[in-house]
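See below for final29.cif, which holds mmCIF, C-alpha atoms and all ligand atoms.
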```cif
data_upload
loop_
_atom_site.label_atom_id
_atom_site.label_comp_id
_atom_site.auth_asym_id
_atom_site.auth_seq_id
_atom_site.Cartn_x
_atom_site.Cartn_y
_atom_site.Cartn_z
CA MET A 1 0.00 0.00 0.00
CA PRO A 2 1.31 3.50 -0.79
CA ASP A 3 1.40 6.09 2.00
CA ARG A 4 -2.17 7.00 2.80
CA ILE A 5 -3.55 10.31 3.98
CA PHE A 6 -6.31 10.48 6.58
CA ASN A 7 -9.50 10.91 4.58
CA PHE A 8 -12.30 12.61 6.54
CA SER A 9 -14.57 12.73 3.48
CA PRO A 10 -18.33 12.48 4.20
CA GLY A 11 -18.75 10.04 1.31
CA PRO A 12 -17.55 8.25 -0.59
CA GLY A 13 -15.55 7.68 2.53
CA THR A 14 -12.32 5.97 3.49
CA MET A 15 -12.15 2.18 3.12
CA PRO A 16 -10.18 -0.46 5.02
CA PRO A 17 -6.74 -0.75 3.29
CA GLU A 18 -6.91 -4.55 3.27
CA VAL A 19 -10.22 -4.38 1.38
CA LEU A 20 -8.66 -2.06 -1.21
CA ALA A 21 -5.66 -4.36 -1.59
CA GLN A 22 -7.85 -7.44 -2.10
CA ALA A 23 -10.13 -5.59 -4.56
CA ALA A 24 -7.09 -4.39 -6.51
CA ARG A 25 -5.91 -8.00 -6.92
CA ASP A 26 -9.35 -9.36 -7.81
CA ILE A 27 -10.13 -6.67 -10.36
CA VAL A 28 -7.29 -8.08 -12.46
CA ASN A 29 -7.66 -11.79 -11.75
CA TYR A 30 -10.35 -13.21 -9.48
CA GLN A 31 -9.19 -16.40 -7.72
CA ASP A 32 -7.00 -17.43 -10.66
CA ARG A 33 -9.94 -17.60 -13.04
CA GLY A 34 -7.92 -15.71 -15.63
CA MET A 35 -10.33 -12.79 -15.56
CA GLY A 36 -11.19 -9.97 -13.24
CA ILE A 37 -14.23 -9.49 -11.04
CA ILE A 38 -15.82 -6.82 -13.26
CA GLU A 39 -15.57 -9.04 -16.34
CA MET A 40 -17.58 -11.94 -14.97
CA SER A 41 -21.21 -12.64 -15.83
CA HIS A 42 -23.51 -11.79 -12.96
CA ARG A 43 -25.14 -15.16 -13.57
CA SER A 44 -21.89 -17.10 -13.27
CA LYS A 45 -21.48 -19.52 -10.38
CA ASP A 46 -18.68 -17.36 -8.97
CA PHE A 47 -20.68 -14.17 -8.90
CA MET A 48 -23.86 -15.81 -7.60
CA ALA A 49 -21.74 -17.15 -4.72
CA ILE A 50 -20.31 -13.68 -4.06
CA THR A 51 -23.81 -12.14 -3.81
CA ALA A 52 -25.12 -14.97 -1.66
CA GLU A 53 -22.17 -14.62 0.71
CA ALA A 54 -22.58 -10.84 1.00
CA GLU A 55 -26.26 -11.28 1.84
CA GLN A 56 -25.50 -14.04 4.34
CA LEU A 57 -22.83 -11.95 6.09
CA LEU A 58 -25.16 -8.95 6.30
CA ARG A 59 -27.90 -11.14 7.78
CA GLU A 60 -25.47 -12.53 10.32
CA LEU A 61 -23.91 -9.17 11.32
CA MET A 62 -27.24 -7.32 11.55
CA ASP A 63 -29.18 -10.30 12.90
CA ILE A 64 -31.81 -9.98 10.16
CA PRO A 65 -34.71 -12.42 10.58
CA ASN A 66 -35.93 -14.65 7.72
CA ASN A 67 -39.06 -12.61 7.12
CA TYR A 68 -36.94 -9.79 5.69
CA LYS A 69 -35.54 -9.61 2.16
CA VAL A 70 -32.11 -8.14 1.48
CA LEU A 71 -31.86 -6.33 -1.87
CA PHE A 72 -28.86 -4.81 -3.63
CA LEU A 73 -30.17 -2.04 -5.87
CA GLN A 74 -28.91 0.88 -7.92
CA GLY A 75 -29.88 4.55 -8.07
CA GLY A 76 -28.39 5.55 -4.72
CA ALA A 77 -30.21 6.28 -1.50
CA SER A 78 -31.92 9.15 -3.34
CA THR A 79 -33.92 6.68 -5.46
CA GLN A 80 -35.21 5.13 -2.25
CA PHE A 81 -36.69 8.51 -1.28
CA ALA A 82 -39.18 7.82 -4.09
CA MET A 83 -39.24 4.01 -4.13
CA VAL A 84 -40.40 3.79 -0.51
CA PRO A 85 -43.56 5.90 -1.00
CA MET A 86 -44.14 4.46 -4.52
CA ASN A 87 -44.33 0.99 -3.01
CA LEU A 88 -45.97 1.73 0.33
CA LEU A 89 -48.29 4.67 -0.37
CA GLY A 90 -50.93 5.57 -2.94
CA PRO A 91 -54.23 7.44 -3.08
CA GLY A 92 -55.77 7.85 0.38
CA LYS A 93 -52.68 6.54 2.20
CA LYS A 94 -50.58 8.56 4.61
CA ALA A 95 -47.12 8.45 6.18
CA CYS A 96 -45.37 10.34 8.93
CA TYR A 97 -41.90 11.91 8.47
CA LEU A 98 -39.35 13.51 10.81
CA ASN A 99 -37.58 16.42 9.14
CA THR A 100 -34.13 16.31 10.73
CA GLY A 101 -31.94 17.41 7.84
CA VAL A 102 -31.49 17.91 4.12
CA TRP A 103 -31.75 14.19 3.33
CA ALA A 104 -35.00 13.87 5.26
CA LYS A 105 -36.37 16.97 3.55
CA LYS A 106 -35.54 15.56 0.13
CA ALA A 107 -37.33 12.32 1.05
CA ILE A 108 -40.38 14.33 2.18
CA LYS A 109 -40.51 16.13 -1.16
CA GLU A 110 -40.58 12.80 -3.03
CA ALA A 111 -43.11 11.20 -0.68
CA LYS A 112 -45.56 14.05 -1.24
CA LEU A 113 -45.84 12.89 -4.86
CA PHE A 114 -47.37 9.60 -3.71
CA GLY A 115 -49.44 10.17 -0.57
CA ASP A 116 -50.58 12.35 2.27
CA ILE A 117 -47.46 13.28 4.26
CA ASP A 118 -47.51 14.46 7.85
CA VAL A 119 -44.24 16.11 8.86
CA ALA A 120 -44.60 15.41 12.56
CA TYR A 121 -41.40 17.16 13.64
CA SER A 122 -38.87 19.57 12.16
CA SER A 123 -35.63 20.99 13.51
CA GLU A 124 -35.05 23.05 10.36
CA ALA A 125 -35.47 26.39 12.19
CA ASP A 126 -32.41 25.48 14.33
CA VAL A 127 -30.28 24.49 11.34
CA TYR A 128 -31.08 20.88 12.24
CA ASN A 129 -28.86 20.93 15.32
CA HIS A 130 -31.00 18.49 17.29
CA LEU A 131 -33.39 15.55 17.07
CA PRO A 132 -36.81 15.05 18.60
CA ALA A 133 -37.09 13.27 21.93
CA GLU A 134 -39.85 10.78 22.66
CA GLY A 135 -43.08 12.74 23.12
CA ASP A 136 -42.01 15.70 20.93
CA TYR A 137 -44.26 14.47 18.12
CA GLN A 138 -47.31 12.29 17.50
CA VAL A 139 -47.54 9.49 14.97
CA ASP A 140 -50.98 8.96 13.44
CA PRO A 141 -51.78 5.25 13.97
CA ALA A 142 -53.34 5.26 10.49
CA ALA A 143 -49.97 6.10 8.91
CA GLU A 144 -48.41 3.36 6.79
CA TYR A 145 -45.00 4.08 8.31
CA LEU A 146 -42.84 6.52 10.25
CA TYR A 147 -39.82 7.68 8.24
CA PHE A 148 -36.61 9.02 9.77
CA VAL A 149 -32.88 9.35 9.07
CA SER A 150 -30.84 7.60 11.75
CA ASN A 151 -27.72 9.75 11.23
CA ASN A 152 -27.80 13.21 9.70
CA THR A 153 -24.55 13.33 7.77
CA ILE A 154 -24.44 17.10 7.29
CA TYR A 155 -25.48 18.22 10.79
CA GLY A 156 -23.81 15.49 12.85
CA THR A 157 -26.88 14.32 14.74
CA GLN A 158 -27.65 10.66 15.37
CA PHE A 159 -30.59 8.92 17.01
CA HIS A 160 -29.21 7.10 20.06
CA SER A 161 -32.50 5.34 20.58
CA PHE A 162 -34.94 4.83 17.75
CA PRO A 163 -38.47 6.28 17.67
CA ALA A 164 -41.12 4.07 19.25
CA ALA A 165 -44.21 3.87 17.05
CA GLN A 166 -47.13 1.53 16.48
CA VAL A 167 -46.51 1.68 12.75
CA PRO A 168 -43.49 0.20 10.91
CA LEU A 169 -40.34 2.33 10.93
CA VAL A 170 -38.67 3.22 7.64
CA CYS A 171 -35.11 4.41 8.02
CA ASP A 172 -32.41 5.94 5.86
CA MET A 173 -29.26 4.53 7.48
CA SER A 174 -26.90 5.64 4.70
CA SER A 175 -24.37 7.20 7.03
CA ASP A 176 -24.42 4.89 10.04
CA ILE A 177 -25.44 1.40 8.91
CA LEU A 178 -23.13 -1.28 10.39
CA SER A 179 -21.76 1.20 12.96
CA ARG A 180 -23.63 -0.40 15.89
CA PRO A 181 -26.01 -3.27 16.62
CA PHE A 182 -29.78 -2.63 16.74
CA ASP A 183 -33.01 -4.59 16.74
CA ILE A 184 -34.42 -4.51 13.21
CA ARG A 185 -37.81 -5.98 14.11
CA PRO A 186 -39.70 -2.64 14.52
CA PHE A 187 -38.50 -1.65 11.03
CA GLY A 188 -40.42 -2.17 7.81
CA VAL A 189 -37.61 -0.88 5.60
CA VAL A 190 -33.97 0.01 6.23
CA PHE A 191 -31.93 1.34 3.33
CA ALA A 192 -28.43 2.69 2.86
CA GLY A 193 -26.21 3.85 0.04
CA ALA A 194 -22.99 1.89 0.43
CA GLN A 195 -20.45 4.66 -0.01
CA LYS A 196 -19.85 5.49 3.66
CA ASN A 197 -19.82 2.36 5.79
CA MET A 198 -20.38 -0.49 3.35
CA GLY A 199 -18.22 -0.08 0.27
CA PRO A 200 -18.08 1.89 -2.97
CA ALA A 201 -20.84 4.05 -4.44
CA GLY A 202 -23.12 2.23 -6.86
CA VAL A 203 -25.08 -0.14 -4.66
CA THR A 204 -27.89 0.65 -2.24
CA THR A 205 -28.82 -1.99 0.28
CA VAL A 206 -32.52 -2.30 1.05
CA ILE A 207 -33.76 -4.53 3.85
CA ILE A 208 -37.52 -4.92 3.68
CA ARG A 209 -40.06 -6.90 5.70
CA GLU A 210 -41.71 -9.42 3.40
CA ASP A 211 -45.30 -8.46 4.12
CA LEU A 212 -44.64 -4.96 2.73
CA LEU A 213 -43.65 -6.26 -0.71
CA ASP A 214 -47.18 -6.48 -2.04
CA ARG A 215 -48.49 -3.03 -1.18
CA ALA A 216 -47.33 -1.50 -4.45
CA PRO A 217 -49.94 -0.33 -6.96
CA GLU A 218 -50.31 -2.54 -10.06
CA ASN A 219 -49.22 0.18 -12.46
CA LEU A 220 -45.81 0.73 -10.87
CA PRO A 221 -43.04 0.10 -13.45
CA THR A 222 -41.30 -3.24 -12.95
CA MET A 223 -37.90 -1.85 -11.96
CA PHE A 224 -39.45 0.30 -9.22
CA LYS A 225 -41.24 -2.57 -7.50
CA TYR A 226 -39.43 -4.08 -4.53
CA ARG A 227 -41.21 -7.36 -5.36
CA THR A 228 -39.35 -7.58 -8.69
CA HIS A 229 -35.96 -7.47 -7.01
CA ALA A 230 -37.01 -9.67 -4.10
CA ASP A 231 -38.24 -12.42 -6.46
CA ASN A 232 -35.08 -12.31 -8.56
CA GLY A 233 -32.40 -12.24 -5.88
CA SER A 234 -31.44 -8.68 -6.94
CA MET A 235 -30.64 -10.08 -10.42
CA PHE A 236 -33.69 -8.94 -12.39
CA ASN A 237 -31.26 -6.82 -14.37
CA THR A 238 -27.46 -6.58 -14.25
CA PRO A 239 -26.63 -5.65 -10.65
CA PRO A 240 -23.73 -3.38 -9.62
CA CYS A 241 -21.34 -6.35 -9.53
CA PHE A 242 -18.14 -4.70 -8.37
CA ALA A 243 -19.91 -2.72 -5.64
CA ILE A 244 -21.67 -5.83 -4.28
CA TYR A 245 -18.42 -7.79 -4.32
CA THR A 246 -16.64 -5.00 -2.39
CA VAL A 247 -19.47 -4.76 0.14
CA GLY A 248 -18.82 -8.46 0.76
CA LEU A 249 -15.16 -7.73 1.50
CA VAL A 250 -16.13 -4.92 3.91
CA LEU A 251 -18.58 -7.24 5.70
CA LYS A 252 -15.82 -9.86 6.12
CA TRP A 253 -13.57 -7.12 7.55
CA ILE A 254 -16.25 -6.14 10.09
CA LYS A 255 -16.84 -9.76 11.05
CA LYS A 256 -13.10 -10.26 11.62
CA LEU A 257 -13.02 -7.19 13.90
CA GLY A 258 -15.69 -8.80 16.07
CA GLY A 259 -18.97 -7.69 14.47
CA LEU A 260 -21.17 -4.69 15.19
CA ALA A 261 -20.68 -4.63 18.97
CA ALA A 262 -16.91 -4.32 18.46
CA MET A 263 -17.47 -1.76 15.70
CA GLU A 264 -19.61 0.34 18.04
CA ARG A 265 -16.99 0.25 20.79
CA ILE A 266 -14.29 1.39 18.35
CA ASN A 267 -16.57 4.13 16.93
CA ARG A 268 -17.49 5.39 20.40
CA GLU A 269 -13.86 5.67 21.41
CA LYS A 270 -12.91 7.58 18.26
CA ALA A 271 -15.83 10.01 18.56
CA ALA A 272 -15.16 10.57 22.28
CA LEU A 273 -11.60 11.71 21.52
CA LEU A 274 -12.90 14.35 19.14
CA TYR A 275 -15.83 15.59 21.24
CA ASP A 276 -13.53 15.77 24.26
CA ALA A 277 -11.22 18.12 22.32
CA ILE A 278 -14.16 20.29 21.20
CA ASP A 279 -15.47 20.58 24.79
CA ARG A 280 -12.09 20.95 26.49
CA LEU A 281 -10.42 23.54 24.27
CA ASP A 282 -12.99 26.39 24.44
CA PHE A 283 -12.09 27.40 20.88
CA TYR A 284 -14.20 24.98 18.82
CA ARG A 285 -17.99 24.80 18.82
CA GLY A 286 -19.81 21.60 17.88
CA HIS A 287 -22.89 22.08 15.70
CA ALA A 288 -25.06 19.35 17.19
CA ARG A 289 -26.55 19.53 20.66
CA THR A 290 -24.63 17.30 23.06
CA GLU A 291 -27.37 14.72 23.61
CA CYS A 292 -27.67 13.81 19.93
CA ARG A 293 -24.07 14.00 18.75
CA SER A 294 -23.15 11.60 15.98
CA MET A 295 -20.39 9.01 16.19
CA MET A 296 -19.96 9.26 12.41
CA ASN A 297 -19.93 12.94 11.41
CA VAL A 298 -18.61 15.68 13.67
CA PRO A 299 -19.28 19.21 12.33
CA PHE A 300 -17.66 22.02 14.29
CA ASN A 301 -16.86 25.71 13.90
CA LEU A 302 -13.94 27.92 14.84
CA PRO A 303 -14.32 31.53 16.03
CA THR A 304 -14.21 33.05 12.50
CA PRO A 305 -14.46 31.86 8.87
CA GLU A 306 -10.86 33.09 8.36
CA LEU A 307 -9.59 30.83 11.16
CA GLU A 308 -11.63 27.97 9.70
CA ALA A 309 -9.96 28.41 6.30
CA LYS A 310 -6.52 28.56 7.93
CA PHE A 311 -7.25 25.46 10.03
CA ILE A 312 -8.35 23.48 6.97
CA GLU A 313 -5.24 24.58 5.08
CA GLU A 314 -2.95 23.44 7.91
CA ALA A 315 -4.86 20.18 8.23
CA THR A 316 -4.50 19.45 4.52
CA ALA A 317 -0.77 20.14 4.72
CA ARG A 318 -0.54 17.46 7.43
CA GLY A 319 -2.39 14.87 5.37
CA LEU A 320 -5.74 15.39 7.10
CA ASP A 321 -8.04 15.68 4.10
CA GLY A 322 -11.73 16.36 3.47
CA LEU A 323 -12.45 18.44 6.59
CA LYS A 324 -14.32 21.30 4.94
CA GLY A 325 -17.86 21.49 6.34
CA HIS A 326 -21.05 21.42 4.26
CA ARG A 327 -22.04 24.88 3.03
CA SER A 328 -25.19 24.94 5.17
CA VAL A 329 -23.19 24.64 8.42
CA GLY A 330 -19.81 26.01 7.31
CA GLY A 331 -16.65 25.37 9.32
CA CYS A 332 -15.29 21.86 9.51
CA ARG A 333 -16.74 18.38 9.47
CA ALA A 334 -14.79 15.30 10.44
CA SER A 335 -16.43 12.16 9.06
CA ILE A 336 -15.08 9.23 11.01
CA TYR A 337 -16.87 6.23 9.57
CA ASN A 338 -16.19 2.60 10.52
CA ALA A 339 -13.01 2.36 8.43
CA PHE A 340 -11.55 5.67 9.58
CA PRO A 341 -8.47 4.84 11.70
CA ARG A 342 -8.18 6.02 15.31
CA GLU A 343 -4.71 7.32 14.53
CA GLY A 344 -6.24 9.92 12.18
CA VAL A 345 -8.54 11.19 14.94
CA GLU A 346 -5.53 11.46 17.28
CA LYS A 347 -3.66 13.49 14.64
CA LEU A 348 -6.65 15.81 14.22
CA VAL A 349 -6.91 16.34 17.99
CA GLU A 350 -3.19 17.14 18.09
CA LEU A 351 -3.68 19.79 15.41
CA MET A 352 -6.76 21.18 17.21
CA GLU A 353 -4.74 21.59 20.41
CA GLU A 354 -1.82 23.29 18.68
CA PHE A 355 -4.01 25.53 16.57
CA ALA A 356 -6.09 26.69 19.55
CA ARG A 357 -2.87 27.46 21.49
CA LYS A 358 -1.45 29.55 18.66
CA ASN A 359 -4.62 31.30 17.54
CA GLY A 360 -6.81 31.33 20.65
C1 LIG B 401 -28.19 10.19 5.13
C2 LIG B 401 -28.07 10.26 3.64
N1 LIG B 401 -29.09 9.88 2.87
C3 LIG B 401 -29.01 9.92 1.53
C4 LIG B 401 -27.89 10.38 0.88
C5 LIG B 401 -27.86 10.42 -0.62
O1 LIG B 401 -27.25 9.28 -1.08
P1 LIG B 401 -27.01 8.98 -2.64
O2 LIG B 401 -26.01 9.96 -3.11
O3 LIG B 401 -26.54 7.55 -2.62
O4 LIG B 401 -28.31 9.13 -3.34
C6 LIG B 401 -26.78 10.77 1.64
C7 LIG B 401 -25.55 11.23 0.96
O5 LIG B 401 -24.62 11.71 1.57
C8 LIG B 401 -26.88 10.72 3.05
O6 LIG B 401 -25.85 11.11 3.82
#
```

Could I get this file's structure written as structure tokens?
Ligand SMILES: Cc1ncc(COP(=O)(O)O)c(C=O)c1O
Amino acid sequence: MPDRIFNFSPGPGTMPPEVLAQAARDIVNYQDRGMGIIEMSHRSKDFMAITAEAEQLLRELMDIPNNYKVLFLQGGASTQFAMVPMNLLGPGKKACYLNTGVWAKKAIKEAKLFGDIDVAYSSEADVYNHLPAEGDYQVDPAAEYLYFVSNNTIYGTQFHSFPAAQVPLVCDMSSDILSRPFDIRPFGVVFAGAQKNMGPAGVTTVIIREDLLDRAPENLPTMFKYRTHADNGSMFNTPPCFAIYTVGLVLKWIKKLGGLAAMERINREKAALLYDAIDRLDFYRGHARTECRSMMNVPFNLPTPELEAKFIEEATARGLDGLKGHRSVGGCRASIYNAFPREGVEKLVELMEEFARKNG
């Protein structure tokens, strides 16, 4: 492996080096077959085995019961903003949404095309710096589902306990899937674009409870029906082969580390180092309220935009890349996904200490 910088990018995000090394070998020649992984038919025995293994590993790591289907789709998480209401809503049907960030708001816009949408909570007026607590909103029992985003990538907020509702939960877990264990049984649908915690961009994992597969209206185009993909093992059309294969490698890497409980412990330790520096140094200000801080994305500001620009410049010079915050929050954002090494967080904290001493 060449020397690597520390990549704090919000996504596509940093990957485990051993996964990259394996993928680099297999893209040229997969298991001595004399051809690379992206040249193989998706219906070949080899590739069918790769997909089956990725699904099996995901089921094992996330403890997914048999009455859920695992789908590997294309179109990014953004396509799911529409596919969920296309399949689960229709005339006269309603759903409840929590507006906790840009990605939730985009999903609300799509859902309104297909049903009656109740936005039961919004933190938009506070630049999405917090999440609702239990009791801050009501869910209509007639709703088909309650939709929320478990981790708000831009604002650095994360649900530490999931909403309790009588209706199925639907969750966009794009930026924190596989970062911690959770009980999937209250969920009707969980989806995630792979490019943060699962692998490369190009595949979106959808986990859907079987009884929800047949709610789609008859006139929905074939490719947009979950049933189509469920009945064809995600092979109705050519799937994103390389992305699925790489997700499999990432899942093996997580299993080797000790699974999601171990992943959570590692993530908690990394995030604690960073939040401790923000709280201790009286120079940096975290965007998210303390009680809903994310383990994955840590947006923070410095006293002035000029200092922020200088900080990012010094960070880049030290090989700490991708720290510029999203334009809606400004400042910095450290994305420290599963594969982000602890050493990189330690280096960032070192810089934060030095920079505050010199410029504070
Ligand atoms: C929480 C969340 N949902 C959805 C998206 C959009 O994903 P995609 O680009 O795969 O459509 C992102 C992208 O960063 C995200 O962070």

Quick one: distance from CA of Lys324 in chain A to CA of Asn297 in chain A in Å, one decimal?
12.0 Å

Please list as a VMD selection string every residue within 8 Å of range 140-152 of chain A, counting all atoms listed in the file and excluding residues in the same chain fewer than 5 positions away.
chain A and resid 88 to 89 93 to 101 103 to 104 157 to 159 162 165 to 176 188 294 296

Could you name the residues that touch range 223-236 of chain A at 12 Å or less, counting only C-alpha atoms, but leaving out those on the same chain fewer than 5 positions away, as number ranges by chain?
A: 41-44, 47-49, 51-52, 55, 67-75, 79-88, 189, 203-218, 241, 244

Would you give the centre and edge lengths, in Å to one decimal, of a box along x, y and z around the listed atoms of ligand LIG 401 (chain B), with 8 Å added to each side, as JSON?
```
{"center_x": -26.9, "center_y": 9.6, "center_z": 0.9, "size_x": 20.5, "size_y": 20.2, "size_z": 24.5}
```

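Those residues positioned at most 12 Å from (-4.1, 18.8, 5.9) are Ile5, Phe6, Asn7, Phe8, Ala309, Lys310, Phe311, Ile312, Glu313, Glu314, Ala315, Thr316, Ala317, Arg318, Gly319, Leu320, Asp321, Gly322, Leu323, Lys324, Gly344, Lys347, Leu348, Leu351 and Met352 of chain A, judged using all atoms listed in the file.
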
Interatomic distance, CA of Phe114 in chain A to atom C8 of ligand LIG 401 (chain B) (Å, one decimal):
21.6 Å

Between CA of Phe300 in chain A and CA of Ile278 in chain A, what is the spacing in Å?
7.9 Å

Any idea what's packed within 12 Å of Pro17 in chain A, counting only C-alpha atoms, ignoring anything in its chain fewer than 4 positions away? Could you give it as a VMD selection string?
chain A and resid 1 to 6 21 to 24 199 249 to 250 253 339 to 341

Minimum-distance residue to ligand LIG 401 (chain B), chosen among A:Leu58, A:Met198, A:Ala356, A:Leu302 (using only C-alpha atoms and all ligand atoms)
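Checking each of A:Leu58, A:Met198, A:Ala356, A:Leu302 against ligand LIG 401 (chain B), counting only C-alpha atoms and all ligand atoms, the winner is A:Met198.
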
Residue nearest ligand LIG 401 (chain B) - candidates A:Lys105, A:His160, A:Arg25, A:Arg268, atoms counted: only C-alpha atoms and all ligand atoms
A:Lys105

Residue with the minimum atom-to-atom distance to Val247 in chain A, picked from A:Asp32, A:Ile50, A:Leu281, A:Asn267 with all atoms listed in the file counted, is A:Ile50

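Each of A:Ile177, A:Ile38, A:Ile117, A:Val28 was compared to ligand LIG 401 (chain B) using only C-alpha atoms and all ligand atoms, and A:Ile177 turns out to be the nearest.
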
Judged by all atoms listed in the file, the minimum distance to ligand LIG 401 (chain B) among A:Val345, A:Ala107, A:Ala271, A:Cys332 is found for A:Ala107

Smallest atom-to-atom distance to ligand LIG 401 (chain B): which of A:Arg357, A:Gln56, A:Lys106, A:Lys252, using only C-alpha atoms and all ligand atoms?
A:Lys106

Contacts of Arg327 in chain A at 12 Å or less, counting only C-alpha atoms, minus same-chain residues fewer than 6 places along, as a compact mmCIF listing (two decimals) with C-alpha atoms, keeping the file's coordinate frame?
```txt
# COMPACT_ATOMS: atom_id res chain seq x y z
CA VAL A 102 -31.49 17.91 4.12
CA VAL A 127 -30.28 24.49 11.34
CA ILE A 154 -24.44 17.10 7.29
CA TYR A 155 -25.48 18.22 10.79
CA PRO A 299 -19.28 19.21 12.33
CA PRO A 305 -14.46 31.86 8.87
CA ARG A 333 -16.74 18.38 9.47
```

Contacts of Ile27 in chain A at 12 Å or less, counting all atoms listed in the file, minus same-chain residues fewer than 5 places along, as a list of chain:residue names?
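Final neighbour list, sorted by chain and number: A:Val19, A:Leu20, A:Ala21, A:Gln22, A:Asp32, A:Arg33, A:Gly34, A:Met35, A:Gly36, A:Ile37, A:Ile38, A:Glu39, A:Met40, A:Cys241, A:Phe242, A:Ala243, A:Tyr245, A:Thr246.
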
Select range 314-344 of chain A in the preceding structure and write C-alpha atoms to a file as a PDB file, in the first residue's frame.
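result-v5.pdb written:
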```pdb
ATOM      1  CA  GLU A 314      -2.955  23.439   7.914  1.00  0.00           C
ATOM      2  CA  ALA A 315      -4.861  20.179   8.225  1.00  0.00           C
ATOM      3  CA  THR A 316      -4.499  19.453   4.515  1.00  0.00           C
ATOM      4  CA  ALA A 317      -0.769  20.145   4.718  1.00  0.00           C
ATOM      5  CA  ARG A 318      -0.538  17.457   7.431  1.00  0.00           C
ATOM      6  CA  GLY A 319      -2.387  14.868   5.371  1.00  0.00           C
ATOM      7  CA  LEU A 320      -5.738  15.394   7.105  1.00  0.00           C
ATOM      8  CA  ASP A 321      -8.043  15.681   4.104  1.00  0.00           C
ATOM      9  CA  GLY A 322     -11.729  16.355   3.474  1.00  0.00           C
ATOM     10  CA  LEU A 323     -12.447  18.444   6.588  1.00  0.00           C
ATOM     11  CA  LYS A 324     -14.318  21.303   4.943  1.00  0.00           C
ATOM     12  CA  GLY A 325     -17.855  21.488   6.339  1.00  0.00           C
ATOM     13  CA  HIS A 326     -21.048  21.422   4.265  1.00  0.00           C
ATOM     14  CA  ARG A 327     -22.036  24.881   3.025  1.00  0.00           C
ATOM     15  CA  SER A 328     -25.189  24.937   5.174  1.00  0.00           C
ATOM     16  CA  VAL A 329     -23.188  24.645   8.422  1.00  0.00           C
ATOM     17  CA  GLY A 330     -19.807  26.010   7.311  1.00  0.00           C
ATOM     18  CA  GLY A 331     -16.654  25.368   9.315  1.00  0.00           C
ATOM     19  CA  CYS A 332     -15.289  21.861   9.510  1.00  0.00           C
ATOM     20  CA  ARG A 333     -16.742  18.377   9.472  1.00  0.00           C
ATOM     21  CA  ALA A 334     -14.791  15.299  10.437  1.00  0.00           C
ATOM     22  CA  SER A 335     -16.433  12.158   9.061  1.00  0.00           C
ATOM     23  CA  ILE A 336     -15.077   9.235  11.013  1.00  0.00           C
ATOM     24  CA  TYR A 337     -16.866   6.231   9.567  1.00  0.00           C
ATOM     25  CA  ASN A 338     -16.192   2.603  10.515  1.00  0.00           C
ATOM     26  CA  ALA A 339     -13.013   2.360   8.433  1.00  0.00           C
ATOM     27  CA  PHE A 340     -11.547   5.668   9.583  1.00  0.00           C
ATOM     28  CA  PRO A 341      -8.465   4.839  11.699  1.00  0.00           C
ATOM     29  CA  ARG A 342      -8.184   6.016  15.306  1.00  0.00           C
ATOM     30  CA  GLU A 343      -4.707   7.323  14.529  1.00  0.00           C
ATOM     31  CA  GLY A 344      -6.239   9.917  12.179  1.00  0.00           C
TER      32      GLY A 344
END
```
